[in-house]
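Novice: Pasting model22.txt here (compact mmCIF, C-alpha atoms):
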# COMPACT_ATOMS: atom_id res chain seq x y z
CA MET E 1 24.79 55.50 87.87
CA PRO E 2 26.90 56.82 90.79
CA GLU E 3 30.63 57.48 90.29
CA SER E 4 32.87 54.97 91.97
CA ASP E 5 35.33 56.24 94.57
CA THR E 6 38.89 55.42 93.40
CA GLY E 7 40.65 57.12 96.29
CA ALA E 8 42.21 59.72 93.96
CA PRO E 9 41.92 63.39 94.91
CA PRO E 10 39.23 65.39 93.14
CA LYS E 11 40.14 66.73 89.71
CA VAL E 12 40.07 70.36 90.90
CA VAL E 13 42.74 69.59 93.53
CA LEU E 14 44.98 67.94 90.93
CA VAL E 15 44.65 70.89 88.52
CA THR E 16 45.34 73.41 91.31
CA ALA E 17 48.43 71.49 92.46
CA ALA E 18 49.77 71.29 88.91
CA ALA E 19 49.18 75.03 88.39
CA LEU E 20 51.01 75.86 91.64
CA ALA E 21 53.95 73.64 90.65
CA VAL E 22 54.24 75.39 87.27
CA ALA E 23 53.97 78.82 88.91
CA LEU E 24 56.73 77.91 91.38
CA ALA E 25 58.99 76.66 88.58
CA VAL E 26 58.45 79.91 86.62
CA ALA E 27 59.18 82.01 89.73
CA VAL E 28 62.43 80.13 90.39
CA ALA E 29 63.50 80.52 86.74
CA VAL E 30 62.73 84.26 86.73
CA PHE E 31 64.67 84.74 89.98
CA ALA E 32 67.67 82.83 88.65
CA LEU E 33 67.75 84.81 85.41
CA THR E 34 67.26 88.27 86.94
CA ARG E 35 69.47 88.21 90.03
CA PRO E 36 72.89 89.80 89.66
CA SER E 37 75.57 87.29 88.98
CA LEU E 38 78.57 87.13 91.27
CA PRO E 39 82.06 86.67 89.89
CA ASP E 40 83.53 83.23 89.97
CA SER E 41 85.77 83.38 93.03
CA ALA E 42 87.86 80.54 91.63
CA GLY E 43 88.59 82.48 88.45
CA PRO E 44 91.31 85.09 88.05
CA LEU E 45 90.39 88.76 88.51
CA PRO E 46 90.85 90.92 85.40
CA LEU E 47 92.34 94.33 86.17
CA VAL E 48 93.02 97.27 83.90
CA PRO E 49 96.70 98.21 83.85
CA VAL E 50 97.67 101.66 85.09
CA PRO E 51 101.02 103.40 84.68
CA ALA E 52 103.37 102.11 87.37
CA PRO E 53 106.89 103.21 86.39
CA ALA E 54 108.37 102.11 89.74
CA ALA E 55 106.57 98.73 89.87
CA GLY E 56 109.90 96.89 89.69
CA SER E 57 111.55 98.97 92.41
CA PRO E 58 113.01 97.42 95.56
CA GLY E 59 110.33 99.22 97.61
CA CYS E 60 107.51 97.51 95.70
CA THR E 61 109.25 94.15 95.87
CA THR E 62 109.62 94.55 99.64
CA LEU E 63 106.03 95.73 100.15
CA LEU E 64 104.35 93.12 97.97
CA GLY E 65 106.46 90.35 99.47
CA ALA E 66 105.14 91.24 102.92
CA VAL E 67 101.42 91.92 102.36
CA PRO E 68 99.07 89.57 104.19
CA THR E 69 97.48 86.69 102.29
CA GLU E 70 94.21 87.52 104.00
CA LEU E 71 92.49 90.77 105.02
CA THR E 72 89.52 91.23 107.33
CA SER E 73 86.69 93.40 106.06
CA ASN E 74 83.71 93.93 108.38
CA GLY E 75 84.35 90.56 110.01
CA THR E 76 84.68 88.76 106.66
CA SER E 77 87.93 87.16 105.58
CA LEU E 78 89.19 88.29 102.16
CA LYS E 79 91.76 85.95 100.64
CA VAL E 80 94.33 86.87 98.00
CA ARG E 81 92.85 86.50 94.54
CA ALA E 82 94.64 85.37 91.40
CA LEU E 83 94.92 88.03 88.69
CA ALA E 84 94.03 87.40 85.07
CA ALA E 85 96.82 87.57 82.50
CA PRO E 86 98.23 89.93 81.60
CA ALA E 87 98.27 90.98 85.25
CA PRO E 88 99.36 94.54 86.00
CA PRO E 89 102.82 94.59 87.59
CA ALA E 90 103.18 95.07 91.36
CA THR E 91 99.49 94.44 92.02
CA VAL E 92 97.67 92.22 94.49
CA ALA E 93 93.93 91.80 95.16
CA TRP E 94 91.83 90.29 97.92
CA GLY E 95 88.20 89.19 97.90
CA ASP E 96 85.56 88.22 95.39
CA ALA E 97 82.56 90.43 94.56
CA ASP E 98 84.12 93.81 95.45
CA PRO E 99 87.85 93.17 95.69
CA VAL E 100 90.37 95.27 97.56
CA VAL E 101 93.27 96.07 95.20
CA LEU E 102 96.80 97.23 96.05
CA ARG E 103 99.00 98.65 93.30
CA CYS E 104 102.60 99.73 93.87
CA GLY E 105 105.03 101.89 91.93
CA LEU E 106 102.51 104.45 90.69
CA ASP E 107 103.15 108.03 89.66
CA ARG E 108 102.58 110.74 92.27
CA PRO E 109 98.81 111.28 92.48
CA PRO E 110 97.88 114.69 91.01
CA GLU E 111 95.61 115.28 94.02
CA LEU E 112 98.70 115.42 96.27
CA THR E 113 99.22 119.13 96.80
CA PRO E 114 100.61 121.11 99.75
CA THR E 115 97.00 121.75 100.87
CA ALA E 116 95.71 118.20 100.42
CA GLN E 117 94.13 116.65 103.49
CA LEU E 118 96.07 113.57 104.51
CA ARG E 119 95.10 110.90 107.02
CA LEU E 120 97.53 109.17 109.32
CA VAL E 121 96.64 105.48 109.68
CA ASN E 122 98.97 103.34 111.79
CA LYS E 123 101.98 105.64 111.15
CA VAL E 124 101.39 105.92 107.39
CA GLN E 125 100.18 109.06 105.61
CA TRP E 126 97.40 108.40 103.11
CA LEU E 127 95.65 110.60 100.58
CA GLN E 128 92.05 109.53 100.02
CA VAL E 129 90.59 109.97 96.53
CA PRO E 130 86.87 109.09 96.63
CA GLY E 131 85.35 107.31 93.64
CA GLU E 132 82.08 105.67 92.71
CA ASP E 133 81.37 102.92 95.27
CA ALA E 134 85.05 102.83 96.33
CA SER E 135 87.90 105.05 97.48
CA THR E 136 91.51 104.86 96.46
CA TRP E 137 93.97 105.57 99.25
CA TYR E 138 97.50 106.59 98.20
CA VAL E 139 100.55 106.03 100.40
CA VAL E 140 102.33 109.37 100.03
CA ASP E 141 105.15 109.32 102.58
CA ARG E 142 107.31 106.39 101.44
CA GLU E 143 109.93 105.78 98.75
CA VAL E 144 107.24 104.54 96.32
CA TYR E 145 103.64 105.52 95.79
CA ALA E 146 101.14 102.75 96.36
CA ALA E 147 97.37 102.83 96.02
CA LEU E 148 94.82 100.75 97.89
CA THR E 149 91.36 100.72 96.30
CA VAL E 150 88.76 99.80 98.88
CA PRO E 151 85.02 99.34 98.26
CA ASP E 152 82.85 101.64 100.38
CA SER E 153 81.34 98.53 101.99
CA ALA E 154 84.71 97.18 103.20
CA GLY E 155 85.20 99.07 106.45
CA THR E 156 88.62 100.10 107.75
CA GLY E 157 90.22 96.67 108.26
CA PRO E 158 92.00 96.45 104.88
CA LEU E 159 93.43 99.98 105.20
CA GLN E 160 94.71 99.29 108.71
CA ALA E 161 96.30 95.96 107.76
CA VAL E 162 98.05 97.38 104.71
CA SER E 163 99.17 100.40 106.78
CA ASP E 164 100.79 98.04 109.27
CA THR E 165 102.68 96.32 106.44
CA VAL E 166 103.76 99.63 104.87
CA ALA E 167 104.93 100.98 108.25
CA ALA E 168 106.90 97.79 108.98
CA LYS E 169 108.57 97.46 105.57
CA LEU E 170 109.06 100.95 104.10
CA ALA E 171 110.75 103.83 105.90
CA PRO E 172 108.93 107.19 105.94
CA ARG E 173 110.12 109.91 103.57
CA PRO E 174 109.25 113.59 103.28
CA LEU E 175 106.28 114.39 101.06
CA ARG E 176 107.09 115.26 97.43
CA PHE E 177 104.88 117.77 95.64
CA GLY E 178 106.57 118.30 92.33
Would you put the structure from the file into structure tokens?

Specialist:
Amino acid sequence: MPESDTGAPPKVVLVTAAALAVALAVAVAVFALTRPSLPDSAGPLPLVPVPAPAAGSPGCTTLLGAVPTELTSNGTSLKVRALAAPAPPATVAWGDADPVVLRCGLDRPPELTPTAQLRLVNKVQWLQVPGEDASTWYVVDREVYAALTVPDSAGTGPLQAVSDTVAAKLAPRPLRFG
């Protein structure tokens, strides 16, 4: 007796389609579980406190009161980010995945010696201390020491913008080595 044609696709097509759907679902699940997670940009950024004996100084108050609420990094806008409690004093951060962090009122960096190579950026002298995937740039010619930690991927925009603020708000001072 011949099989009647019901209009349904052949069984092999249905099994293949089901197998492809399962394979796709597994691939999506594996991708979702193995990709690196990004921080929640809406959540506060936890930062480790560092010694900042001059964090409450008038210089830090002036500087932090004038920093921009937004920095440009390689054409991307980095907005000020909330800090998790307890937030380090005299600290501000911008951006999500690899934030730019400014800390004010720090001790003199030990790398600042009479032979240290300094860079002049928009009328401010900086000491660069390279790190893993980021550099920390210390303002060394003002009444307070400040440090700007910038991811290697950020470009020069954040350093230039913060230099402009430092130059506008804090008068230059001679370098101090001891």

Novice: Which residues, protein or nucleic acid, reach to within 9 Å of (84.9, 97.3, 103.2) in the file's coordinates when using all atoms listed in the file, and can you give that as a PyMOL selection string?

Specialist: chain E and resi 72-74+98+100+134+150-158

Novice: Using all atoms listed in the file, which protein or nucleic acid residues come within 12 Å of Thr165 in chain E? Drop anything in the same chain fewer than 6 positions from it, and give the result as a list of chain:residue names.

Specialist: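 Listed by chain and then number, they are E:Cys60, E:Thr62, E:Leu63, E:Leu64, E:Gly65, E:Ala66, E:Val67, E:Pro68, E:Thr69, E:Leu71, E:Leu102, E:Val121, E:Asn122, E:Lys123, E:Val124, E:Val139, E:Pro158, E:Leu159, E:Ala171.
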
Novice: May I have the protein, DNA and RNA residues with an atom at most 12 Å from (100.9, 108.7, 109.8), counting only C-alpha atoms in the file's coordinates, returned as a PyMOL selection string?

Specialist: chain E and resi 118-127+139-142+160+163-164+166-167+171-175

Novice: So what do you get for CA of Ala147 in chain E versus CA of Arg103 in chain E, distance-wise?

Specialist: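 Distance reported for this atom pair: 5.2 Å.
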
Novice: Would you mind reading off the distance between CA of Phe177 in chain E and CA of Pro114 in chain E, one decimal, in Å?

Specialist: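 Interatomic distance here is 6.8 Å.
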
Novice: Kindly indicate which residue among E:Asp133, E:Tyr145, E:Pro44, E:Ala54 lies nearest to Pro109 in chain E, using all atoms listed in the file for the distances.

Specialist: E:Tyr145
